[in-house]
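Peer 1: Structure incoming, see below.
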Amino acid sequence: MWRWTATLYALGGVYGLALAGILVAVVTGAAPIHAPAGAGTLAFGAVGLFGAVCAARHGGLDERTRRSWWFMSLGYALALSVPLVFTVTGPRPFPSPGDVPHLAFVLVLLFAVQTFPLHAATRNERHKHLLDAATVLAGAAMMMWYFVVGPYILAKGASVGTVVAAAAYPVADLALLFGIAKVLLRGADPTSRRPLGIVAAAMAVFTVGDGYLGYMQAHTDHVARTAWQFVCWTTAHFLLAVAAAEQNRQAAAEQNRRASRRRDDRPGPRVTGRGMAGKLPYAGIGVGYALMILAAVRQEQAYPWAGLVVGAFGITGLVVLRQVLVQQESREMAVTDGLTGLANRFRVHEVLARALARGERSGRSTAVLLIDMNGFKQVNDTLGHEAGDRLLVEFGEMMRRSVLGGDMVGRLGGDEFAVVLHDIGRVDHAVAVAKRIVAATEQPIPFGDQTLRASASIGVAIGRPGECTTDELLHRADLAMYQAKRRTGGTRWQSWDRSLTDEAELSLEQELRAAIAEGQLRLLYQPIVALPSRELTGVEALVRWEHPRHGLLLPEKFVPLAERAGLIEELGRWVLELACAQAKTWQRRVPSLQLNVNISPRQLDNQGFTGQVLEILDRAGFFAGYLVLEVPESAVIGEADSIAQLEALSTAGIRIALDDFGTGYSSLRYLTRLPVDALKLDSCFVAELDGTSKGSAVAQAVLRLGQMLHLDTVAEGVEGEAQARELTLLGCEKAQGRYFSGPVPAGDLERQLPASTVAG
């Protein structure tokens, strides 16, 4: 990656020299302007072509992106030929030999950008993006007409040749801008988004240069090539070279991230979003109205057009402002916890990832506090959910008041919260925030005739620039929080240090090895019911570790350790064997009972995994079509080996479900190509359901997506009748959660099965 970073710096240096050469040529006249400009343009063209070919062959990019860069390479080759042809032939009136490769370059680039992989979209979304791009095109076309094409035709006449001469370059440039705008608005792959944005900037500069040429042709008889035009063309070729180099740099960074994820087995969420691309339609509207106002002013007569144009501008401006507010509201709804008003899990991961990336560039540290409330379950069980909700809301407010305005408080789910602290100088500053939270929890919370008291365990971890990923930092804070929980009495905090990781993991690893052999693992089963009938259709097998000292441990506490210690295959095999044997006995009473089993990404790395699963099914006599393997989205997004394993499992008749769908790793463009049979709606979205369109927006979108792709949908974490009823109205097919039944031992689940017996 450092090679392409150095290339970017070198390109910047050459660009500075080229501009300096043009300035010297203008001031002194010692050399023609085209000499330094031409040398710089040729250098940028050569580097750009080399970078485009390297991107087309880079292993860090997916196959479709590499293919797109082969087409881009052809466009870059044509761009390189343009200054060479003009050097040989010299400037001539349109059409000239140099115009042919220039127009061909624009058309090839237009085709190339359309081949880049884009985010999946519904037909309505595609139409919306098309209309947005057309708005951008309309604004740019109005500018071209007003300054270039219209005056040219007015001065030269409206013959076919005149129109073609005036419109050829501007129309080609506008067509390419339209294509790039459509791609950016639709949403390109994260590794290509910035390079395509730079290409768009290059074409905008080309359009300015070509537009200036057309403007001068419309207003003067003889057009001399000016320093301004050479600056535009040199800048455009410079940006094209930067785009190719940046694509290679992004590809190398993505390759490093993949390698890091394979080493750590902890994927981090991508930071996504359209950014400035979403504002392009508004820019197009602004340009169009600005030109209309300019035209009205130049008429030197207020009636009738000046007032009408100003009125139309005001109405459109109000509509645009309203649309901006709607977009902001939709965005807030997707990233806000419905109960507390704090950021939700997705937003916390997003902000933390951005903070770490910014800290890596600025050299500043980022801290995270992971907070788990003590005794929350007892409040819920003794005083009811209303008291529990009041406690969560008040505790969230306590934390909000304990941080500065630039820092962020979020609710991860249940009684777990997080605080992201930006630009932390040292760990003492993060500890000071933890102490303020401790002090805040001493205040009583009135609830009717009762008084509630908040108590929590706080884990503090600080990430220095480039030191760790999002999930690594959260894992450190989790270890520190777990250590804080071991102490007794009120709210307490613990800072992470490496000894916590080393001691905790070494001790737990040794204990986990013994736990598998000594029978400390327990397999619980949670029913999955059909909606609206509430009939039991399946069960999910959930492993727990009955630790002799720490009590019952959930999978998130020991499965990552099993992955790192190389124990996950043994653990996974034990779960699958026991669950299949148990489910086979239950099928005598529910013949079509499905069994859901979670699998780890590390298991998919084993080339013999499919064979092992089929062997277990054969020994248990369990039909493959009734087995559903749940995989996290991160295990399959962009991982060719994992996808190949899933395809083999699917071919054998085993069903595949994407677990916790929509919690930060979703890539819809992969979804249509994966051998997936079901989506599991994460409990954080179910928790948002409150009978309003705002609360159901994300859940409805996921359920609608499942319907469109003909996938089963299962909602997780259903806690009450209202949620079950709303999910039914939204079209959810199946659900699971404590409202129906929590995870229970096999004997308890057997009592929930229908009493009638079916032979088999």
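We label chains A, B, ... in the order they appear in the structure tokens, count residues from 1 in each chain, and number ligands from 1 in the order shown.
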Could you pull out the alpha helix (DSSP H) residues of region 434-630 of chain A from DSSP and send them as a ChimeraX atom specification?

Peer 2: /A:434-440,470-485,498-518,555-565,568-586,601-605,609-620

Peer 1: Give me the residues near region 712-728 of chain A as a list in words, where near means some atom within 8 Å (using only C-alpha atoms) and where sequence neighbours in that chain fewer than 3 positions away do not count.

Peer 2: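 In the requested form, the answer reads Leu531, Pro532, Asp677, Ala678, Leu679, Lys680, Leu681, Asp682, Ser683, Cys684, Val686, Ala687, Leu689, Asp690, Gly691, Leu703, Gly706, Gln707, Gly731, Cys732, Glu733, Lys734, Ala735, Gln736, Gly737, Arg738, Tyr739 and Phe740 of chain A.
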
Peer 1: Those residues with N, CA, C and O atoms, as a JSON list (two decimals), in the first residue's frame please?

Peer 2:
```json
[["chain", "number", "residue", "atom", "x", "y", "z"],
["A", 531, "LEU", "N", -46.07, -17.66, 12.37],
["A", 531, "LEU", "CA", -47.01, -16.55, 12.59],
["A", 531, "LEU", "C", -48.04, -16.58, 11.47],
["A", 531, "LEU", "O", -47.69, -16.81, 10.32],
["A", 532, "PRO", "N", -49.32, -16.40, 11.79],
["A", 532, "PRO", "CA", -49.86, -16.03, 13.11],
["A", 532, "PRO", "C", -50.29, -17.21, 13.97],
["A", 532, "PRO", "O", -50.80, -17.01, 15.08],
["A", 677, "ASP", "N", -31.41, -19.21, 2.12],
["A", 677, "ASP", "CA", -32.82, -19.59, 2.14],
["A", 677, "ASP", "C", -33.64, -18.77, 3.13],
["A", 677, "ASP", "O", -34.87, -18.74, 3.03],
["A", 678, "ALA", "N", -32.98, -18.13, 4.09],
["A", 678, "ALA", "CA", -33.72, -17.42, 5.13],
["A", 678, "ALA", "C", -32.92, -16.25, 5.67],
["A", 678, "ALA", "O", -31.68, -16.26, 5.64],
["A", 679, "LEU", "N", -33.64, -15.23, 6.15],
["A", 679, "LEU", "CA", -33.03, -14.08, 6.83],
["A", 679, "LEU", "C", -33.57, -14.05, 8.25],
["A", 679, "LEU", "O", -34.77, -14.22, 8.48],
["A", 680, "LYS", "N", -32.68, -13.82, 9.21],
["A", 680, "LYS", "CA", -33.10, -13.69, 10.60],
["A", 680, "LYS", "C", -33.00, -12.22, 11.00],
["A", 680, "LYS", "O", -31.90, -11.64, 11.04],
["A", 681, "LEU", "N", -34.15, -11.62, 11.26],
["A", 681, "LEU", "CA", -34.22, -10.21, 11.64],
["A", 681, "LEU", "C", -33.70, -10.05, 13.06],
["A", 681, "LEU", "O", -34.22, -10.66, 14.00],
["A", 682, "ASP", "N", -32.67, -9.23, 13.22],
["A", 682, "ASP", "CA", -32.03, -9.10, 14.52],
["A", 682, "ASP", "C", -32.97, -8.50, 15.56],
["A", 682, "ASP", "O", -33.85, -7.68, 15.26],
["A", 683, "SER", "N", -32.76, -8.91, 16.81],
["A", 683, "SER", "CA", -33.64, -8.49, 17.90],
["A", 683, "SER", "C", -33.63, -6.98, 18.13],
["A", 683, "SER", "O", -34.60, -6.42, 18.64],
["A", 684, "CYS", "N", -32.54, -6.29, 17.75],
["A", 684, "CYS", "CA", -32.48, -4.84, 17.97],
["A", 684, "CYS", "C", -33.53, -4.13, 17.12],
["A", 684, "CYS", "O", -34.05, -3.08, 17.53],
["A", 686, "VAL", "N", -36.44, -5.67, 16.19],
["A", 686, "VAL", "CA", -37.72, -6.07, 16.79],
["A", 686, "VAL", "C", -38.01, -5.19, 18.00],
["A", 686, "VAL", "O", -39.16, -4.80, 18.24],
["A", 687, "ALA", "N", -36.98, -4.84, 18.76],
["A", 687, "ALA", "CA", -37.16, -4.00, 19.95],
["A", 687, "ALA", "C", -37.68, -2.61, 19.59],
["A", 687, "ALA", "O", -38.27, -1.93, 20.44],
["A", 689, "LEU", "N", -40.04, -1.96, 17.49],
["A", 689, "LEU", "CA", -41.46, -2.00, 17.13],
["A", 689, "LEU", "C", -42.31, -1.39, 18.24],
["A", 689, "LEU", "O", -42.26, -1.85, 19.38],
["A", 690, "ASP", "N", -43.07, -0.36, 17.90],
["A", 690, "ASP", "CA", -43.90, 0.31, 18.90],
["A", 690, "ASP", "C", -45.25, 0.71, 18.34],
["A", 690, "ASP", "O", -45.93, 1.58, 18.89],
["A", 691, "GLY", "N", -45.64, 0.10, 17.21],
["A", 691, "GLY", "CA", -46.93, 0.42, 16.61],
["A", 691, "GLY", "C", -46.91, 1.62, 15.70],
["A", 691, "GLY", "O", -47.94, 1.98, 15.13],
["A", 703, "LEU", "N", -38.18, -7.42, 6.04],
["A", 703, "LEU", "CA", -39.20, -8.41, 5.72],
["A", 703, "LEU", "C", -39.64, -8.30, 4.27],
["A", 703, "LEU", "O", -39.85, -9.32, 3.59],
["A", 706, "GLY", "N", -37.01, -9.88, 2.13],
["A", 706, "GLY", "CA", -37.13, -11.33, 2.13],
["A", 706, "GLY", "C", -38.24, -11.81, 1.21],
["A", 706, "GLY", "O", -38.10, -12.80, 0.48],
["A", 707, "GLN", "N", -39.37, -11.10, 1.21],
["A", 707, "GLN", "CA", -40.48, -11.48, 0.34],
["A", 707, "GLN", "C", -40.11, -11.35, -1.13],
["A", 707, "GLN", "O", -40.41, -12.22, -1.95],
["A", 731, "GLY", "N", -46.03, -9.09, 7.92],
["A", 731, "GLY", "CA", -45.80, -10.20, 7.00],
["A", 731, "GLY", "C", -44.69, -11.13, 7.40],
["A", 731, "GLY", "O", -44.23, -11.93, 6.57],
["A", 732, "CYS", "N", -44.25, -11.06, 8.67],
["A", 732, "CYS", "CA", -43.20, -11.97, 9.13],
["A", 732, "CYS", "C", -43.76, -13.39, 9.24],
["A", 732, "CYS", "O", -44.87, -13.59, 9.74],
["A", 733, "GLU", "N", -43.00, -14.37, 8.79],
["A", 733, "GLU", "CA", -43.50, -15.74, 8.72],
["A", 733, "GLU", "C", -43.25, -16.54, 10.00],
["A", 733, "GLU", "O", -44.06, -17.37, 10.39],
["A", 734, "LYS", "N", -42.10, -16.28, 10.65],
["A", 734, "LYS", "CA", -41.74, -17.04, 11.84],
["A", 734, "LYS", "C", -41.10, -16.11, 12.86],
["A", 734, "LYS", "O", -40.61, -15.03, 12.51],
["A", 735, "ALA", "N", -41.09, -16.55, 14.11],
["A", 735, "ALA", "CA", -40.51, -15.71, 15.16],
["A", 735, "ALA", "C", -40.01, -16.59, 16.29],
["A", 735, "ALA", "O", -40.44, -17.74, 16.46],
["A", 736, "GLN", "N", -39.12, -16.03, 17.09],
["A", 736, "GLN", "CA", -38.65, -16.67, 18.31],
["A", 736, "GLN", "C", -38.32, -15.59, 19.32],
["A", 736, "GLN", "O", -38.06, -14.44, 18.96],
["A", 737, "GLY", "N", -38.36, -15.94, 20.59],
["A", 737, "GLY", "CA", -38.07, -14.96, 21.62],
["A", 737, "GLY", "C", -38.67, -15.40, 22.94],
["A", 737, "GLY", "O", -39.42, -16.39, 23.03],
["A", 738, "ARG", "N", -38.36, -14.67, 23.99],
["A", 738, "ARG", "CA", -38.80, -15.06, 25.33],
["A", 738, "ARG", "C", -40.31, -14.99, 25.50],
["A", 738, "ARG", "O", -40.86, -15.60, 26.41],
["A", 739, "TYR", "N", -40.98, -14.23, 24.63],
["A", 739, "TYR", "CA", -42.44, -14.20, 24.72],
["A", 739, "TYR", "C", -43.03, -15.59, 24.46],
["A", 739, "TYR", "O", -44.01, -15.98, 25.09],
["A", 740, "PHE", "N", -42.44, -16.31, 23.53],
["A", 740, "PHE", "CA", -42.89, -17.67, 23.23],
["A", 740, "PHE", "C", -42.20, -18.67, 24.17],
["A", 740, "PHE", "O", -42.84, -19.51, 24.77]]
```

Peer 1: Which one is closest to Ala644 (chain A): A:Ala454, A:Leu239, A:Thr610, A:Asp660? Count only C-alpha atoms.

Peer 2: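 Selected residue with least distance to Ala644 (chain A): A:Thr610.
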
Peer 1: Could you give me, as CSV, a per-residue list for region 346-387 of chain A showing, wherever an atom lies at most 12 Å from an atom of region 437-441 of chain A, the closest pair of atoms and their distance in Å to one decimal, using only C-alpha atoms and sorting by chain then residue number from low to high?

Peer 2:
```
residue,atom,partner,partner_atom,distance
A:Leu369,CA,A:Ile437,CA,10.5
A:Leu370,CA,A:Ile437,CA,11.8
A:Ile371,CA,A:Ile437,CA,9.8
A:Met373,CA,A:Thr441,CA,10.6
A:Asn374,CA,A:Thr441,CA,11.4
```

Peer 1: Next, the residues of the selection above should be written as an mmCIF file, in the first residue's frame with all heavy atoms.

Peer 2:
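Wrote part.cif, looks like this:
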```
data_model
loop_
_atom_site.group_PDB
_atom_site.id
_atom_site.type_symbol
_atom_site.label_atom_id
_atom_site.label_comp_id
_atom_site.auth_asym_id
_atom_site.auth_seq_id
_atom_site.Cartn_x
_atom_site.Cartn_y
_atom_site.Cartn_z
ATOM 1 N N LEU A 369 -16.098 3.043 26.317
ATOM 2 C CA LEU A 369 -16.553 2.518 27.602
ATOM 3 C C LEU A 369 -17.702 1.562 27.323
ATOM 4 O O LEU A 369 -18.665 1.929 26.632
ATOM 5 C CB LEU A 369 -17.045 3.642 28.518
ATOM 6 C CG LEU A 369 -16.015 4.424 29.342
ATOM 7 C CD1 LEU A 369 -15.032 5.160 28.446
ATOM 8 C CD2 LEU A 369 -16.730 5.419 30.272
ATOM 9 N N LEU A 370 -17.596 0.351 27.823
ATOM 10 C CA LEU A 370 -18.665 -0.633 27.694
ATOM 11 C C LEU A 370 -19.309 -0.782 29.068
ATOM 12 O O LEU A 370 -18.614 -1.078 30.050
ATOM 13 C CB LEU A 370 -18.104 -1.962 27.199
ATOM 14 C CG LEU A 370 -19.042 -2.853 26.383
ATOM 15 C CD1 LEU A 370 -19.544 -2.116 25.152
ATOM 16 C CD2 LEU A 370 -18.312 -4.115 25.954
ATOM 17 N N ILE A 371 -20.617 -0.553 29.127
ATOM 18 C CA ILE A 371 -21.315 -0.490 30.413
ATOM 19 C C ILE A 371 -22.426 -1.524 30.441
ATOM 20 O O ILE A 371 -23.275 -1.552 29.533
ATOM 21 C CB ILE A 371 -21.907 0.920 30.650
ATOM 22 C CG1 ILE A 371 -20.798 1.981 30.606
ATOM 23 C CG2 ILE A 371 -22.640 0.987 31.972
ATOM 24 C CD1 ILE A 371 -20.893 2.903 29.439
ATOM 25 N N MET A 373 -25.456 -2.971 32.983
ATOM 26 C CA MET A 373 -26.161 -2.662 34.225
ATOM 27 C C MET A 373 -26.199 -3.881 35.143
ATOM 28 O O MET A 373 -26.380 -5.016 34.685
ATOM 29 C CB MET A 373 -27.582 -2.191 33.921
ATOM 30 C CG MET A 373 -27.627 -0.908 33.107
ATOM 31 S SD MET A 373 -29.298 -0.251 32.950
ATOM 32 C CE MET A 373 -29.593 0.274 34.651
ATOM 33 N N ASN A 374 -26.031 -3.637 36.427
ATOM 34 C CA ASN A 374 -26.097 -4.702 37.427
ATOM 35 C C ASN A 374 -27.527 -4.802 37.970
ATOM 36 O O ASN A 374 -28.149 -3.789 38.295
ATOM 37 C CB ASN A 374 -25.143 -4.409 38.592
ATOM 38 C CG ASN A 374 -23.709 -4.259 38.120
ATOM 39 O OD1 ASN A 374 -23.278 -4.930 37.185
ATOM 40 N ND2 ASN A 374 -22.961 -3.377 38.768
#
```

Peer 1: Hey, what's within 10 Å of Gly363 (chain A) if we count only C-alpha atoms and toss same-chain stuff fewer than 6 positions away? As an MDAnalysis selection string, please?

Peer 2: chainID A and resid 356:357 423 464:466

Peer 1: One number please: CA of His385 (chain A) to CA of Leu524 (chain A), in Å, one decimal.

Peer 2: 25.0 Å

Peer 1: Excluding Ala79 (chain A) and its own-chain neighbours fewer than 2 positions away, which residues fall within 12 Å of it when counting only C-alpha atoms? Please give them as a VMD selection string.

Peer 2: chain A and resid 41 to 49 72 to 77 81 to 86 98 to 109 202 to 203 206 233 to 234 236 to 238 240 to 241

Peer 1: Between CA of Phe623 (chain A) and CA of Leu554 (chain A), what distance in Å does the model show, to one decimal?

Peer 2: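 Separating CA of Phe623 (chain A) from CA of Leu554 (chain A) is a distance of 28.9 Å.
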
Peer 1: Identify which of the residues A:Gly572, A:Gly425, A:Pro632, A:Gly538 lies closest to Pro591 (chain A), counting only C-alpha atoms when measuring atom-to-atom distances.

Peer 2: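 Among A:Gly572, A:Gly425, A:Pro632, A:Gly538, it is A:Gly538 that comes nearest to Pro591 (chain A).
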
Peer 1: So that I can check the surroundings of Gly463 (chain A), please list as a ChimeraX atom specification every protein, DNA and RNA residue that reaches within 12 Å of it, counting only C-alpha atoms and ignoring chain neighbours fewer than 6 positions away.

Peer 2: /A:352-353,355-360,363-369,420-427,430,469-477,496-497

Peer 1: Running DSSP on the backbone, which parts of region 528-724 of chain A land in strand (DSSP E), as a compact mmCIF listing (two decimals) with N, CA, C and O atoms, in the first residue's frame?

Peer 2:
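Output saved as out-v7.txt:
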```
# COMPACT_ATOMS: atom_id res chain seq x y z
N ILE A 528 -39.00 -22.03 17.59
CA ILE A 528 -39.30 -21.10 16.50
C ILE A 528 -40.74 -21.40 16.09
O ILE A 528 -41.07 -22.55 15.77
N VAL A 529 -41.60 -20.38 16.12
CA VAL A 529 -43.02 -20.60 15.88
C VAL A 529 -43.45 -19.91 14.59
O VAL A 529 -42.84 -18.92 14.16
N ALA A 530 -44.50 -20.44 13.98
CA ALA A 530 -45.09 -19.82 12.79
C ALA A 530 -46.00 -18.68 13.21
O ALA A 530 -46.62 -18.71 14.27
N LEU A 536 -45.39 -24.53 16.71
CA LEU A 536 -43.95 -24.77 16.73
C LEU A 536 -43.52 -25.43 15.42
O LEU A 536 -44.04 -26.47 15.04
N THR A 537 -42.58 -24.79 14.71
CA THR A 537 -42.11 -25.32 13.43
C THR A 537 -40.64 -25.73 13.47
O THR A 537 -40.18 -26.45 12.59
N GLY A 538 -39.92 -25.24 14.47
CA GLY A 538 -38.50 -25.56 14.53
C GLY A 538 -37.91 -25.17 15.86
O GLY A 538 -38.58 -24.58 16.72
N VAL A 539 -36.64 -25.52 16.05
CA VAL A 539 -35.92 -25.15 17.26
C VAL A 539 -34.52 -24.70 16.87
O VAL A 539 -33.96 -25.15 15.87
N GLU A 540 -33.98 -23.78 17.65
CA GLU A 540 -32.59 -23.37 17.47
C GLU A 540 -31.76 -23.92 18.62
O GLU A 540 -32.10 -23.71 19.79
N ALA A 541 -30.69 -24.63 18.28
CA ALA A 541 -29.80 -25.18 19.29
C ALA A 541 -28.81 -24.10 19.73
O ALA A 541 -28.15 -23.49 18.89
N LEU A 542 -28.71 -23.87 21.03
CA LEU A 542 -27.86 -22.81 21.57
C LEU A 542 -26.96 -23.39 22.65
O LEU A 542 -27.43 -23.96 23.64
N VAL A 543 -25.65 -23.26 22.48
CA VAL A 543 -24.71 -23.85 23.41
C VAL A 543 -24.42 -22.89 24.56
O VAL A 543 -24.37 -21.67 24.37
N ARG A 544 -24.26 -23.43 25.75
CA ARG A 544 -23.89 -22.66 26.93
C ARG A 544 -22.77 -23.41 27.65
O ARG A 544 -22.65 -24.64 27.56
N TRP A 545 -21.96 -22.65 28.37
CA TRP A 545 -20.89 -23.26 29.15
C TRP A 545 -21.21 -23.07 30.62
O TRP A 545 -21.25 -21.94 31.11
N GLU A 546 -21.44 -24.17 31.31
CA GLU A 546 -21.71 -24.11 32.74
C GLU A 546 -20.38 -24.12 33.48
O GLU A 546 -19.88 -25.15 33.94
N HIS A 547 -19.83 -22.91 33.61
CA HIS A 547 -18.49 -22.76 34.19
C HIS A 547 -18.57 -22.94 35.71
O HIS A 547 -19.46 -22.39 36.37
N GLY A 551 -20.26 -19.35 36.45
CA GLY A 551 -21.66 -19.60 36.18
C GLY A 551 -21.91 -19.90 34.71
O GLY A 551 -21.00 -20.29 33.97
N LEU A 552 -23.15 -19.68 34.26
CA LEU A 552 -23.54 -20.00 32.89
C LEU A 552 -23.02 -18.92 31.95
O LEU A 552 -23.44 -17.76 32.03
N LEU A 553 -22.12 -19.29 31.03
CA LEU A 553 -21.52 -18.35 30.09
C LEU A 553 -22.21 -18.45 28.74
O LEU A 553 -22.46 -19.55 28.22
N GLN A 594 -37.89 -28.36 11.99
CA GLN A 594 -36.58 -27.92 11.50
C GLN A 594 -35.64 -27.68 12.68
O GLN A 594 -36.07 -27.26 13.76
N LEU A 595 -34.36 -27.91 12.42
CA LEU A 595 -33.32 -27.69 13.43
C LEU A 595 -32.37 -26.61 12.94
O LEU A 595 -31.75 -26.75 11.88
N ASN A 596 -32.27 -25.52 13.69
CA ASN A 596 -31.33 -24.44 13.38
C ASN A 596 -30.09 -24.57 14.24
O ASN A 596 -30.19 -24.69 15.47
N VAL A 597 -28.93 -24.55 13.60
CA VAL A 597 -27.65 -24.65 14.31
C VAL A 597 -26.73 -23.54 13.81
O VAL A 597 -26.58 -23.34 12.60
N ASN A 598 -26.12 -22.81 14.74
CA ASN A 598 -25.18 -21.74 14.39
C ASN A 598 -23.82 -22.34 14.06
O ASN A 598 -23.35 -23.25 14.75
N LEU A 627 -32.39 -29.40 8.21
CA LEU A 627 -31.29 -28.72 8.93
C LEU A 627 -31.10 -27.33 8.35
O LEU A 627 -30.98 -27.16 7.13
N VAL A 628 -31.08 -26.33 9.23
CA VAL A 628 -30.82 -24.94 8.83
C VAL A 628 -29.53 -24.49 9.53
O VAL A 628 -29.48 -24.47 10.77
N LEU A 629 -28.52 -24.17 8.76
CA LEU A 629 -27.27 -23.67 9.32
C LEU A 629 -27.29 -22.15 9.29
O LEU A 629 -27.46 -21.54 8.23
N GLU A 630 -27.13 -21.54 10.47
CA GLU A 630 -27.14 -20.08 10.57
C GLU A 630 -25.71 -19.57 10.53
O GLU A 630 -24.86 -19.99 11.33
N VAL A 631 -25.44 -18.65 9.59
CA VAL A 631 -24.11 -18.08 9.45
C VAL A 631 -24.20 -16.57 9.58
O VAL A 631 -25.17 -15.96 9.12
N PRO A 632 -23.23 -15.94 10.22
CA PRO A 632 -23.23 -14.47 10.28
C PRO A 632 -22.93 -13.89 8.91
O PRO A 632 -22.23 -14.51 8.10
N ARG A 655 -30.37 -26.14 4.35
CA ARG A 655 -30.81 -24.75 4.20
C ARG A 655 -29.84 -23.81 4.92
O ARG A 655 -29.25 -24.17 5.94
N ILE A 656 -29.70 -22.60 4.37
CA ILE A 656 -28.77 -21.61 4.91
C ILE A 656 -29.56 -20.37 5.32
O ILE A 656 -30.39 -19.87 4.56
N ALA A 657 -29.27 -19.88 6.54
CA ALA A 657 -29.91 -18.65 7.03
C ALA A 657 -28.83 -17.63 7.39
O ALA A 657 -27.80 -17.98 7.97
N LEU A 658 -29.06 -16.36 7.02
CA LEU A 658 -28.16 -15.28 7.44
C LEU A 658 -28.62 -14.77 8.80
O LEU A 658 -29.75 -14.28 8.94
N ASP A 659 -27.75 -14.90 9.79
CA ASP A 659 -28.11 -14.56 11.17
C ASP A 659 -27.90 -13.08 11.43
O ASP A 659 -27.02 -12.44 10.84
N ASP A 660 -28.71 -12.52 12.35
CA ASP A 660 -28.60 -11.12 12.78
C ASP A 660 -28.57 -10.18 11.58
O ASP A 660 -27.77 -9.24 11.52
N PHE A 661 -29.44 -10.43 10.61
CA PHE A 661 -29.38 -9.68 9.36
C PHE A 661 -29.65 -8.19 9.61
O PHE A 661 -30.56 -7.81 10.32
N ALA A 678 -32.98 -18.13 4.09
CA ALA A 678 -33.72 -17.42 5.13
C ALA A 678 -32.92 -16.25 5.67
O ALA A 678 -31.68 -16.26 5.64
N LEU A 679 -33.64 -15.23 6.15
CA LEU A 679 -33.03 -14.08 6.83
C LEU A 679 -33.57 -14.05 8.25
O LEU A 679 -34.77 -14.22 8.48
N LYS A 680 -32.68 -13.82 9.21
CA LYS A 680 -33.10 -13.69 10.60
C LYS A 680 -33.00 -12.22 11.00
O LYS A 680 -31.90 -11.64 11.04
N LEU A 681 -34.15 -11.62 11.26
CA LEU A 681 -34.22 -10.21 11.64
C LEU A 681 -33.70 -10.05 13.06
O LEU A 681 -34.22 -10.66 14.00
N ASP A 712 -37.33 -17.13 3.47
CA ASP A 712 -38.02 -17.17 4.74
C ASP A 712 -37.50 -16.06 5.64
O ASP A 712 -36.33 -15.66 5.54
N THR A 713 -38.36 -15.56 6.51
CA THR A 713 -37.92 -14.53 7.47
C THR A 713 -38.28 -14.98 8.87
O THR A 713 -39.41 -15.43 9.13
N VAL A 714 -37.32 -14.85 9.78
CA VAL A 714 -37.52 -15.23 11.18
C VAL A 714 -37.11 -14.03 12.04
O VAL A 714 -35.98 -13.55 11.93
N ALA A 715 -38.02 -13.55 12.87
CA ALA A 715 -37.73 -12.44 13.76
C ALA A 715 -37.21 -12.97 15.09
O ALA A 715 -37.81 -13.87 15.68
```

Peer 1: Identify which of the residues A:Gly742, A:Thr207, A:Thr28, A:Gly405 lies closest to Tyr525 (chain A), counting only C-alpha atoms when measuring atom-to-atom distances.

Peer 2: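 Answer, going by the shortest atom-to-atom distance: A:Gly742.
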
Peer 1: Report as a PyMOL selection string all protein, DNA and RNA residues lying within 8 Å of Pro444 (chain A), evaluated on only C-alpha atoms, omitting residues in the same chain fewer than 5 positions from it.

Peer 2: chain A and resi 451-454

Peer 1: Just to confirm, what's the straight-line distance from CA of Leu604 (chain A) to CA of Glu647 (chain A) in Å (one decimal)?

Peer 2: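 Going from CA of Leu604 (chain A) over to CA of Glu647 (chain A) covers 11.2 Å.
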
Peer 1: Between A:Val393, A:Glu633, A:Glu556, A:Ser455, which is the closest to Leu479 (chain A) once you count only C-alpha atoms?

Peer 2: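 Selected residue with least distance to Leu479 (chain A): A:Glu556.
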
Peer 1: Set the distance at 12 Å and use only C-alpha atoms: which residues neighbour Gly388 (chain A) once local chain neighbours fewer than 5 positions away are removed? I'd like the list as a list of chain:residue names.

Peer 2: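 Near neighbours after the sequence-gap exclusion: A:Leu339, A:Thr340, A:Met373, A:Gly375, A:Phe376, A:Lys377, A:Gln378, A:Val379, A:Asn380, A:Asp381, A:Thr382, A:Leu383, A:Val393, A:Glu394, A:Phe395, A:Gly414, A:Asp415, A:Ile445, A:Phe447, A:Leu452, A:Arg453, A:Ala454.
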